[in-house]
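Just run.cif here, mmCIF, C-alpha atoms:
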```cif
data_input
loop_
_atom_site.group_PDB
_atom_site.id
_atom_site.type_symbol
_atom_site.label_atom_id
_atom_site.label_comp_id
_atom_site.auth_asym_id
_atom_site.auth_seq_id
_atom_site.Cartn_x
_atom_site.Cartn_y
_atom_site.Cartn_z
ATOM 1 C CA MET A 1 -4.147 12.423 -17.418
ATOM 2 C CA ARG A 2 -3.014 15.220 -15.152
ATOM 3 C CA ILE A 3 -3.442 16.372 -11.597
ATOM 4 C CA GLU A 4 -4.254 19.787 -10.220
ATOM 5 C CA ARG A 5 -3.503 20.706 -6.648
ATOM 6 C CA ASP A 6 -4.824 23.773 -4.865
ATOM 7 C CA VAL A 7 -3.022 25.676 -2.115
ATOM 8 C CA GLU A 8 -4.707 23.602 0.565
ATOM 9 C CA GLY A 9 -3.487 20.358 -0.976
ATOM 10 C CA ASN A 10 -6.824 19.245 -2.376
ATOM 11 C CA MET A 11 -6.289 17.354 -5.601
ATOM 12 C CA GLN A 12 -8.252 16.936 -8.759
ATOM 13 C CA ILE A 13 -7.248 14.238 -11.208
ATOM 14 C CA ARG A 14 -8.324 15.262 -14.702
ATOM 15 C CA GLY A 15 -8.461 13.331 -17.924
ATOM 16 C CA LEU A 16 -9.113 9.900 -16.439
ATOM 17 C CA THR A 17 -9.754 7.558 -19.345
ATOM 18 C CA LEU A 18 -12.512 4.985 -19.250
ATOM 19 C CA ILE A 19 -10.210 2.167 -18.091
ATOM 20 C CA CYS A 20 -8.818 4.408 -15.322
ATOM 21 C CA ALA A 21 -12.272 5.465 -14.169
ATOM 22 C CA ASP A 22 -13.535 1.897 -14.315
ATOM 23 C CA THR A 23 -10.541 0.577 -12.354
ATOM 24 C CA LEU A 24 -11.051 3.236 -9.691
ATOM 25 C CA HIS A 25 -14.725 2.382 -9.395
ATOM 26 C CA ARG A 26 -13.746 -1.222 -8.755
ATOM 27 C CA LEU A 27 -11.327 -0.247 -5.977
ATOM 28 C CA PRO A 28 -13.757 -0.897 -3.082
ATOM 29 C CA GLU A 29 -14.501 -4.331 -4.515
ATOM 30 C CA TYR A 30 -10.773 -5.115 -4.732
ATOM 31 C CA LEU A 31 -10.158 -3.957 -1.182
ATOM 32 C CA GLU A 32 -13.139 -5.830 0.241
ATOM 33 C CA SER A 33 -12.288 -9.074 -1.527
ATOM 34 C CA ASP A 34 -12.899 -12.119 0.648
ATOM 35 C CA ASP A 35 -10.452 -14.217 -1.364
ATOM 36 C CA PRO A 36 -8.273 -15.809 1.361
ATOM 37 C CA ALA A 37 -5.086 -15.185 -0.634
ATOM 38 C CA VAL A 38 -5.964 -11.504 -0.994
ATOM 39 C CA ARG A 39 -6.848 -11.220 2.706
ATOM 40 C CA ALA A 40 -3.525 -12.841 3.589
ATOM 41 C CA ARG A 41 -1.663 -10.278 1.504
ATOM 42 C CA LEU A 42 -3.599 -7.281 2.793
ATOM 43 C CA LEU A 43 -3.141 -8.474 6.385
ATOM 44 C CA PRO A 44 0.253 -10.168 6.207
ATOM 45 C CA GLN A 45 2.058 -12.150 8.855
ATOM 46 C CA ALA A 46 4.162 -10.101 11.247
ATOM 47 C CA TYR A 47 5.843 -12.835 13.278
ATOM 48 C CA GLU A 48 7.377 -16.160 12.367
ATOM 49 C CA ASP A 49 6.637 -17.492 15.854
ATOM 50 C CA GLU A 50 3.102 -18.925 15.935
ATOM 51 C CA GLU A 51 2.259 -17.715 19.443
ATOM 52 C CA ASP A 52 3.484 -14.197 18.749
ATOM 53 C CA GLU A 53 1.593 -14.182 15.460
ATOM 54 C CA GLU A 54 -1.606 -15.295 17.152
ATOM 55 C CA GLN A 55 -1.355 -12.386 19.590
ATOM 56 C CA TRP A 56 -0.579 -10.050 16.697
ATOM 57 C CA ARG A 57 -3.672 -11.240 14.835
ATOM 58 C CA LYS A 58 -5.770 -10.661 17.921
ATOM 59 C CA TYR A 59 -4.749 -7.042 18.432
ATOM 60 C CA GLY A 60 -2.698 -5.492 15.631
ATOM 61 C CA ALA A 61 -4.468 -7.093 12.682
ATOM 62 C CA SER A 62 -7.955 -6.441 14.012
ATOM 63 C CA GLU A 63 -7.150 -2.736 14.296
ATOM 64 C CA LEU A 64 -6.007 -2.822 10.699
ATOM 65 C CA GLU A 65 -9.289 -4.433 9.617
ATOM 66 C CA HIS A 66 -11.149 -1.452 11.084
ATOM 67 C CA LEU A 67 -8.785 0.971 9.391
ATOM 68 C CA PHE A 68 -9.303 -0.710 6.028
ATOM 69 C CA LEU A 69 -13.073 -0.541 6.386
ATOM 70 C CA SER A 70 -13.005 3.175 7.092
ATOM 71 C CA ARG A 71 -10.591 3.684 4.205
ATOM 72 C CA VAL A 72 -12.937 1.951 1.770
ATOM 73 C CA GLU A 73 -15.706 4.293 2.884
ATOM 74 C CA ILE A 74 -13.501 7.318 2.168
ATOM 75 C CA VAL A 75 -12.709 5.979 -1.300
ATOM 76 C CA ARG A 76 -16.340 5.172 -2.000
ATOM 77 C CA LYS A 77 -17.431 8.656 -0.952
ATOM 78 C CA ASP A 78 -14.897 10.379 -3.209
ATOM 79 C CA LEU A 79 -15.695 8.057 -6.114
ATOM 80 C CA ALA A 80 -19.349 9.014 -5.851
ATOM 81 C CA GLY A 81 -18.268 12.510 -6.854
ATOM 82 C CA MET A 82 -16.394 11.413 -9.963
ATOM 83 C CA GLN A 83 -17.667 13.420 -12.925
ATOM 84 C CA ALA A 84 -17.497 13.029 -16.662
ATOM 85 C CA GLU A 85 -15.689 15.725 -18.587
ATOM 86 C CA GLY A 86 -15.331 16.128 -22.316
ATOM 87 C CA ARG A 87 -17.031 14.033 -24.912
ATOM 88 C CA GLY A 88 -15.736 11.080 -26.797
ATOM 89 C CA PRO A 89 -16.956 9.368 -29.921
ATOM 90 C CA SER A 90 -20.540 8.379 -30.463
ATOM 91 C CA VAL A 91 -20.969 4.629 -30.328
ATOM 92 C CA SER A 92 -23.895 2.465 -31.278
ATOM 93 C CA ILE A 93 -25.517 0.553 -28.475
ATOM 94 C CA GLY A 94 -28.578 -0.434 -30.485
ATOM 95 C CA ARG A 95 -30.212 -3.810 -30.075
ATOM 96 C CA ASP A 96 -32.036 -5.811 -32.689
ATOM 97 C CA GLY A 97 -31.258 -3.449 -35.502
ATOM 98 C CA ASP A 98 -32.040 -0.363 -33.471
ATOM 99 C CA ASP A 99 -29.378 2.162 -34.370
ATOM 100 C CA GLU A 100 -29.744 4.176 -31.215
ATOM 101 C CA ALA A 101 -26.463 5.766 -30.265
ATOM 102 C CA ARG A 102 -25.046 7.420 -27.224
ATOM 103 C CA ILE A 103 -22.177 9.715 -26.457
ATOM 104 C CA VAL A 104 -19.405 8.091 -24.493
ATOM 105 C CA HIS A 105 -17.659 10.491 -22.221
ATOM 106 C CA ALA A 106 -13.999 10.586 -23.130
ATOM 107 C CA THR A 107 -12.608 11.370 -19.731
ATOM 108 C CA TYR A 108 -13.516 11.781 -16.100
ATOM 109 C CA ARG A 109 -12.302 13.832 -13.185
ATOM 110 C CA LEU A 110 -11.945 12.888 -9.565
ATOM 111 C CA SER A 111 -11.539 15.198 -6.590
ATOM 112 C CA ILE A 112 -9.522 14.020 -3.609
ATOM 113 C CA PRO A 113 -9.555 16.249 -0.526
ATOM 114 C CA ALA A 114 -6.132 16.772 1.083
ATOM 115 C CA ARG A 115 -7.231 14.909 4.199
ATOM 116 C CA HIS A 116 -8.039 11.839 2.111
ATOM 117 C CA LYS A 117 -4.734 11.647 0.261
ATOM 118 C CA ALA A 118 -3.025 9.139 2.578
ATOM 119 C CA ALA A 119 -6.092 6.889 2.504
ATOM 120 C CA TRP A 120 -6.118 7.014 -1.281
ATOM 121 C CA LEU A 121 -2.434 6.179 -1.616
ATOM 122 C CA SER A 122 -2.831 3.127 0.607
ATOM 123 C CA ALA A 123 -6.045 2.110 -1.132
ATOM 124 C CA LEU A 124 -4.449 2.345 -4.568
ATOM 125 C CA ASN A 125 -1.573 0.162 -3.402
ATOM 126 C CA GLY A 126 -3.899 -2.314 -1.688
ATOM 127 C CA GLY A 127 -6.077 -2.495 -4.778
ATOM 128 C CA SER A 128 -3.048 -3.294 -6.923
ATOM 129 C CA HIS A 129 -2.105 -6.194 -4.645
ATOM 130 C CA SER A 130 -5.654 -7.505 -4.727
ATOM 131 C CA ILE A 131 -5.776 -7.475 -8.550
ATOM 132 C CA PHE A 132 -2.321 -9.033 -8.796
ATOM 133 C CA ILE A 133 -3.322 -11.963 -6.597
ATOM 134 C CA ARG A 134 -6.892 -12.467 -7.794
ATOM 135 C CA HIS A 135 -5.834 -12.726 -11.414
ATOM 136 C CA GLY A 136 -2.811 -14.899 -10.806
ATOM 137 C CA LEU A 137 -0.228 -12.456 -12.084
ATOM 138 C CA ALA A 138 3.413 -13.425 -11.580
ATOM 139 C CA PRO A 139 6.235 -11.091 -10.471
ATOM 140 C CA GLU A 140 7.839 -11.331 -13.909
ATOM 141 C CA ASP A 141 4.566 -10.140 -15.499
ATOM 142 C CA MET A 142 5.084 -6.751 -13.904
ATOM 143 C CA SER A 143 7.886 -5.923 -16.320
ATOM 144 C CA ARG A 144 5.773 -6.921 -19.342
ATOM 145 C CA GLU A 145 3.538 -4.612 -21.362
ATOM 146 C CA PRO A 146 -0.206 -5.139 -20.939
ATOM 147 C CA GLY A 147 -1.407 -6.999 -24.005
ATOM 148 C CA THR A 148 1.627 -9.245 -24.247
ATOM 149 C CA LEU A 149 0.682 -11.917 -21.712
ATOM 150 C CA GLY A 150 -1.454 -13.862 -24.166
ATOM 151 C CA ASP A 151 -4.370 -14.031 -21.733
ATOM 152 C CA GLU A 152 -7.050 -11.374 -21.964
ATOM 153 C CA GLU A 153 -8.008 -11.518 -18.298
ATOM 154 C CA LYS A 154 -4.400 -11.256 -17.123
ATOM 155 C CA ASP A 155 -3.617 -8.530 -19.632
ATOM 156 C CA THR A 156 -6.526 -6.450 -18.365
ATOM 157 C CA ALA A 157 -5.493 -7.121 -14.767
ATOM 158 C CA LEU A 158 -1.931 -6.042 -15.534
ATOM 159 C CA LEU A 159 -3.230 -2.880 -17.167
ATOM 160 C CA ARG A 160 -5.320 -2.125 -14.090
ATOM 161 C CA VAL A 161 -2.305 -2.644 -11.785
ATOM 162 C CA HIS A 162 -0.281 -0.239 -13.934
ATOM 163 C CA VAL A 163 -3.135 2.280 -13.884
ATOM 164 C CA LEU A 164 -3.255 2.245 -10.090
ATOM 165 C CA GLY A 165 0.542 2.458 -9.860
ATOM 166 C CA PHE A 166 0.557 5.442 -12.192
ATOM 167 C CA LEU A 167 -2.056 7.161 -10.047
ATOM 168 C CA VAL A 168 0.153 6.604 -6.987
ATOM 169 C CA HIS A 169 2.988 8.358 -8.827
ATOM 170 C CA LEU A 170 0.684 11.206 -9.852
ATOM 171 C CA LEU A 171 -0.447 11.795 -6.283
ATOM 172 C CA LEU A 172 3.114 11.656 -4.921
ATOM 173 C CA GLU A 173 4.442 14.042 -7.565
ATOM 174 C CA ALA A 174 1.589 16.461 -7.000
ATOM 175 C CA ASP A 175 2.656 16.532 -3.387
ATOM 176 C CA GLY A 176 6.198 17.460 -4.350
ATOM 177 C CA TYR A 177 7.905 14.071 -4.236
ATOM 178 C CA ARG A 178 10.590 13.472 -6.857
ATOM 179 C CA TYR A 179 12.685 10.333 -6.982
ATOM 180 C CA ASP A 180 16.298 11.345 -7.370
ATOM 181 C CA PRO A 181 18.720 8.442 -7.816
ATOM 182 C CA GLU A 182 21.667 10.819 -7.388
ATOM 183 C CA LEU A 183 20.769 11.705 -3.807
ATOM 184 C CA THR A 184 23.205 10.455 -1.190
ATOM 185 C CA GLU A 185 22.857 10.510 2.564
ATOM 186 C CA GLU A 186 25.531 13.204 2.756
ATOM 187 C CA ASP A 187 23.393 15.558 0.675
ATOM 188 C CA PRO A 188 21.589 18.237 2.643
ATOM 189 C CA LEU A 189 17.933 18.426 1.709
ATOM 190 C CA MET B 190 -2.199 -1.540 20.764
ATOM 191 C CA SER B 191 1.003 -2.844 22.188
ATOM 192 C CA ARG B 192 0.223 -2.486 25.858
ATOM 193 C CA THR B 193 -2.484 -5.044 25.482
ATOM 194 C CA GLY B 194 -0.669 -6.699 22.635
ATOM 195 C CA PRO B 195 1.685 -9.560 22.073
ATOM 196 C CA HIS B 196 4.343 -8.875 24.649
ATOM 197 C CA ALA B 197 2.135 -7.664 27.495
ATOM 198 C CA SER B 198 2.083 -11.198 28.853
ATOM 199 C CA ILE B 199 5.838 -11.438 28.607
ATOM 200 C CA GLU B 200 6.208 -8.332 30.747
ATOM 201 C CA THR B 201 4.124 -9.833 33.521
ATOM 202 C CA ASP B 202 5.716 -13.279 33.386
ATOM 203 C CA GLU B 203 8.176 -14.065 36.117
ATOM 204 C CA GLN B 204 11.572 -14.455 34.559
ATOM 205 C CA THR B 205 13.912 -16.752 36.405
ATOM 206 C CA ASP B 206 16.000 -17.865 33.482
ATOM 207 C CA THR B 207 18.946 -15.577 32.740
ATOM 208 C CA SER B 208 18.931 -16.501 29.085
ATOM 209 C CA ASN B 209 15.318 -15.341 28.864
ATOM 210 C CA GLU B 210 16.239 -12.028 30.439
ATOM 211 C CA THR B 211 18.944 -11.611 27.862
ATOM 212 C CA SER B 212 16.490 -12.516 25.142
ATOM 213 C CA LEU B 213 13.970 -9.946 26.369
ATOM 214 C CA ALA B 214 16.632 -7.272 26.404
ATOM 215 C CA ARG B 215 17.590 -7.892 22.800
ATOM 216 C CA PRO B 216 16.173 -5.341 20.374
ATOM 217 C CA TRP B 217 13.832 -6.121 17.518
ATOM 218 C CA ASN B 218 14.321 -5.484 13.839
ATOM 219 C CA VAL B 219 11.580 -4.188 11.592
ATOM 220 C CA ILE B 220 12.155 -5.864 8.252
ATOM 221 C CA VAL B 221 10.560 -4.818 4.984
ATOM 222 C CA HIS B 222 10.366 -7.450 2.253
ATOM 223 C CA ASP B 223 10.290 -6.884 -1.477
ATOM 224 C CA ASP B 224 7.043 -7.307 -3.355
ATOM 225 C CA PRO B 225 6.452 -7.063 -7.083
ATOM 226 C CA VAL B 226 3.593 -4.569 -6.936
ATOM 227 C CA THR B 227 4.227 -1.607 -4.625
ATOM 228 C CA PRO B 228 5.707 1.328 -6.570
ATOM 229 C CA MET B 229 9.265 2.120 -5.463
ATOM 230 C CA ALA B 230 8.435 5.797 -5.052
ATOM 231 C CA TYR B 231 5.644 4.885 -2.665
ATOM 232 C CA VAL B 232 8.002 2.770 -0.552
ATOM 233 C CA VAL B 233 10.340 5.759 -0.240
ATOM 234 C CA GLN B 234 7.463 8.019 0.710
ATOM 235 C CA VAL B 235 6.257 5.546 3.338
ATOM 236 C CA PHE B 236 9.721 5.293 4.920
ATOM 237 C CA MET B 237 9.906 9.090 5.059
ATOM 238 C CA GLN B 238 6.452 9.341 6.561
ATOM 239 C CA VAL B 239 6.546 6.449 9.040
ATOM 240 C CA PHE B 240 10.152 6.698 10.263
ATOM 241 C CA ARG B 241 10.717 10.396 9.514
ATOM 242 C CA TYR B 242 13.790 9.449 7.471
ATOM 243 C CA GLN B 243 15.297 11.951 5.062
ATOM 244 C CA GLN B 244 14.811 11.083 1.411
ATOM 245 C CA PRO B 245 18.388 9.822 0.788
ATOM 246 C CA LYS B 246 18.148 7.268 3.592
ATOM 247 C CA ALA B 247 14.628 6.271 2.593
ATOM 248 C CA GLN B 248 15.802 5.734 -0.987
ATOM 249 C CA ARG B 249 18.797 3.673 0.119
ATOM 250 C CA LEU B 250 16.590 1.394 2.199
ATOM 251 C CA MET B 251 14.059 1.062 -0.600
ATOM 252 C CA LEU B 252 16.812 0.055 -3.027
ATOM 253 C CA GLU B 253 18.145 -2.462 -0.506
ATOM 254 C CA VAL B 254 14.673 -4.019 -0.317
ATOM 255 C CA HIS B 255 14.412 -4.008 -4.100
ATOM 256 C CA ASN B 256 17.888 -5.414 -4.760
ATOM 257 C CA THR B 257 18.303 -7.909 -1.935
ATOM 258 C CA GLY B 258 14.685 -8.800 -1.176
ATOM 259 C CA ARG B 259 14.636 -7.344 2.320
ATOM 260 C CA SER B 260 16.028 -4.619 4.522
ATOM 261 C CA VAL B 261 16.208 -3.935 8.235
ATOM 262 C CA VAL B 262 14.613 -0.516 8.300
ATOM 263 C CA TRP B 263 14.519 0.059 12.037
ATOM 264 C CA THR B 264 15.836 -1.556 15.212
ATOM 265 C CA GLY B 265 14.705 -0.935 18.759
ATOM 266 C CA GLU B 266 12.288 -1.952 21.454
ATOM 267 C CA ARG B 267 9.521 -4.343 20.622
ATOM 268 C CA GLU B 268 6.594 -2.103 21.435
ATOM 269 C CA THR B 269 7.747 0.591 19.034
ATOM 270 C CA ALA B 270 8.695 -1.988 16.409
ATOM 271 C CA GLU B 271 5.145 -3.342 16.499
ATOM 272 C CA VAL B 272 3.699 0.109 15.987
ATOM 273 C CA TYR B 273 5.951 0.581 12.957
ATOM 274 C CA VAL B 274 4.998 -2.789 11.480
ATOM 275 C CA GLN B 275 1.343 -1.949 11.915
ATOM 276 C CA LYS B 276 1.876 1.352 10.099
ATOM 277 C CA LEU B 277 3.696 -0.421 7.276
ATOM 278 C CA HIS B 278 0.946 -3.038 6.987
ATOM 279 C CA ALA B 279 -1.606 -0.239 6.910
ATOM 280 C CA ARG B 280 0.123 0.945 3.735
ATOM 281 C CA HIS B 281 0.347 -2.619 2.382
ATOM 282 C CA LEU B 282 4.087 -3.028 2.650
ATOM 283 C CA LEU B 283 5.287 -6.503 3.630
ATOM 284 C CA ALA B 284 6.906 -6.068 7.031
ATOM 285 C CA THR B 285 7.892 -8.475 9.782
ATOM 286 C CA LEU B 286 9.419 -8.381 13.233
ATOM 287 C CA GLU B 287 12.538 -10.316 14.097
ATOM 288 C CA GLN B 288 14.486 -10.254 17.320
ATOM 289 C CA VAL B 289 18.135 -9.381 16.901
ATOM 290 C CA GLY B 290 20.378 -12.390 17.305
ATOM 291 C CA VAL B 291 17.667 -15.009 16.852
ATOM 292 C CA ASP B 292 18.300 -17.444 14.006
#
```
For this file, produce the structure as structure tokens.
Amino acid sequence: MRIERDVEGNMQIRGLTLICADTLHRLPEYLESDDPAVRARLLPQAYEDEEDEEQWRKYGASELEHLFLSRVEIVRKDLAGMQAEGRGPSVSIGRDGDDEARIVHATYRLSIPARHKAAWLSALNGGSHSIFIRHGLAPEDMSREPGTLGDEEKDTALLRVHVLGFLVHLLLEADGYRYDPELTEEDPL
Amino acid sequence: MSRTGPHASIETDEQTDTSNETSLARPWNVIVHDDPVTPMAYVVQVFMQVFRYQQPKAQRLMLEVHNTGRSVVWTGERETAEVYVQKLHARHLLATLEQVGVD
């Protein structure tokens, strides 16, 4: 998987594998989840005080709901343009002895306009939280390798969270961000 | 948001209690809490974008969140603090508001 960025900041993610493409296509569903635990995480509490929190819900959180809706539309629109690239192995999909076969596309590419980048970064992070909660992952699972949890559903969920996290890193790096643990606040940038 | 938001009513309330006046004058902390999902690099990028912090400061705050579970990332008047918390929530960071000096 790699990312190409043009001079205007538009990005094209190339070489998305099937699991990556599938996870991205599920992003709107993750973000629109009506699971109360997911909603609570995507619109978290701001105040400990009940009265303050109620006011916050009334104004701040409702604005966020609108923002999230428009963000999902941006994601959906870009996903509609996802294209297959390259060809993978031929696999049999025949039924009842029919040996019909089809070509499975090996990879996909996704274009993200520069003006959509911030929406995508937030959506990828929000989607990760949604998956994490919906599939009952635990904080300690995050340091495990997918496939080692002993539960197929959780293993797939963990893989999807890692996929989205990796895409966040790709987008940030394409935009010039590099984590440097040696940086100190005295260093001029 | 904030002008019609949570503390608009406080501004119009008559304040006769000195302790309340003191309380209103106290600044508010924006606190970011650790979560197991958000990539660390994204947290740094959000701090740089939302608060206009330089990368070294943003990284220090991110590591404080990661290592201690929370960090006060900004302190100031309530209205601005609310705007920051809303921006952090928009990016799915766990952020809360807490008045300085309130246990």
- Task: Scan for residues within 12 Å of the point (19.7, 11.3, -5.5) in the coordinates of the file, using all atoms listed in the file, and reply as a list in words.
- Result: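 The residues that fall inside the cut-off are Arg178, Tyr179, Asp180, Pro181, Glu182, Leu183, Thr184, Glu185, Glu186, Asp187, Pro188 and Leu189 of chain A; Gln243, Gln244, Pro245, Lys246, Ala247, Gln248, Arg249 and Leu252 of chain B.
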Selection file, C-alpha atoms, as an mmCIF file, in the coordinates of the input:
```cif
data_model
loop_
_atom_site.group_PDB
_atom_site.id
_atom_site.type_symbol
_atom_site.label_atom_id
_atom_site.label_comp_id
_atom_site.auth_asym_id
_atom_site.auth_seq_id
_atom_site.Cartn_x
_atom_site.Cartn_y
_atom_site.Cartn_z
ATOM 1 C CA ARG A 178 10.590 13.472 -6.857
ATOM 2 C CA TYR A 179 12.685 10.333 -6.982
ATOM 3 C CA ASP A 180 16.298 11.345 -7.370
ATOM 4 C CA PRO A 181 18.720 8.442 -7.816
ATOM 5 C CA GLU A 182 21.667 10.819 -7.388
ATOM 6 C CA LEU A 183 20.769 11.705 -3.807
ATOM 7 C CA THR A 184 23.205 10.455 -1.190
ATOM 8 C CA GLU A 185 22.857 10.510 2.564
ATOM 9 C CA GLU A 186 25.531 13.204 2.756
ATOM 10 C CA ASP A 187 23.393 15.558 0.675
ATOM 11 C CA PRO A 188 21.589 18.237 2.643
ATOM 12 C CA LEU A 189 17.933 18.426 1.709
ATOM 13 C CA GLN B 243 15.297 11.951 5.062
ATOM 14 C CA GLN B 244 14.811 11.083 1.411
ATOM 15 C CA PRO B 245 18.388 9.822 0.788
ATOM 16 C CA LYS B 246 18.148 7.268 3.592
ATOM 17 C CA ALA B 247 14.628 6.271 2.593
ATOM 18 C CA GLN B 248 15.802 5.734 -0.987
ATOM 19 C CA ARG B 249 18.797 3.673 0.119
ATOM 20 C CA LEU B 252 16.812 0.055 -3.027
#
```
- Task: Please evaluate the PyMOL selection byres ((chain A and resi 143) around 12) against the structure above and give the resulting residues as a ChimeraX atom specification.
- Result: /A:137-142,144-146,148-149,158-159,161-162 /B:225-226
- Item | Neighbours of chain B in chain A at 9 Å, counting all atoms listed in the file, as a ChimeraX atom specification | /A:41-48,51-56,58-61,63-64,67-68,118-119,121-123,125-126,128-129,132,138-140,142,161,165-166,168-169,172,177-187,189
Set up a box along x, y and z of the file covering all listed atoms of segment 112-130 of chain A, add 3 Å on every one of the six sides, and write the centre and edge lengths in Å to one decimal, as AutoDock Vina command-line options.
```
--center_x -5.6 --center_y 4.6 --center_z -1.4 --size_x 14.0 --size_y 30.3 --size_z 17.1
```
- Name the residues captured by the PyMOL selection byres ((chain A and resi 33-36) around 12) when it is applied to the shown file; answer as a ChimeraX atom specification. /A:26-32,37-44,68-69,72,126-127,129-131,133-135
- Atom pair atom CA of Gln12 of chain A / atom CA of Thr156 of chain A: separation (Å):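 Computing the Euclidean distance for atom CA of Gln12 of chain A and atom CA of Thr156 of chain A yields 25.3 Å.
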- Message: Can you translate the PyMOL selection byres ((chain B and resi 217) around 10) into the concrete residues it hits in this file, as a list in words?
- Response: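 Answer for the PyMOL selection byres ((chain B and resi 217) around 10): Leu213, Ala214, Arg215, Pro216, Asn218, Val219, Ile220, Val261, Trp263, Thr264, Gly265, Glu266, Arg267, Glu268, Thr269, Ala270, Glu271, Leu286, Glu287, Gln288, Val289, Gly290 and Val291 of chain B.
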- Can you work out the spacing between atom CA of Arg241 of chain B and atom CA of Leu171 of chain A in Å, to one decimal?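 Those two atoms sit 19.4 Å apart.
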- Message: Residues within 7 Å of Arg259 of chain B, please, as JSON, numbers by chain. Count only C-alpha atoms; anything in the same chain fewer than 3 positions from it doesn't count.
- Response: {"B": [220, 221, 222, 223, 253, 254]}
Since we have the selection now, will you write its residues out, keeping C-alpha atoms, as an mmCIF file, keeping the file's coordinate frame?
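What follows is the written file again_9.cif:
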```
data_model
loop_
_atom_site.group_PDB
_atom_site.id
_atom_site.type_symbol
_atom_site.label_atom_id
_atom_site.label_comp_id
_atom_site.auth_asym_id
_atom_site.auth_seq_id
_atom_site.Cartn_x
_atom_site.Cartn_y
_atom_site.Cartn_z
ATOM 1 C CA ILE B 220 12.155 -5.864 8.252
ATOM 2 C CA VAL B 221 10.560 -4.818 4.984
ATOM 3 C CA HIS B 222 10.366 -7.450 2.253
ATOM 4 C CA ASP B 223 10.290 -6.884 -1.477
ATOM 5 C CA GLU B 253 18.145 -2.462 -0.506
ATOM 6 C CA VAL B 254 14.673 -4.019 -0.317
#
```
- What is the distance between atom CA of Ser111 of chain A and atom CA of Gly86 of chain A, in Å to one decimal?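 The value is 16.2 Å.
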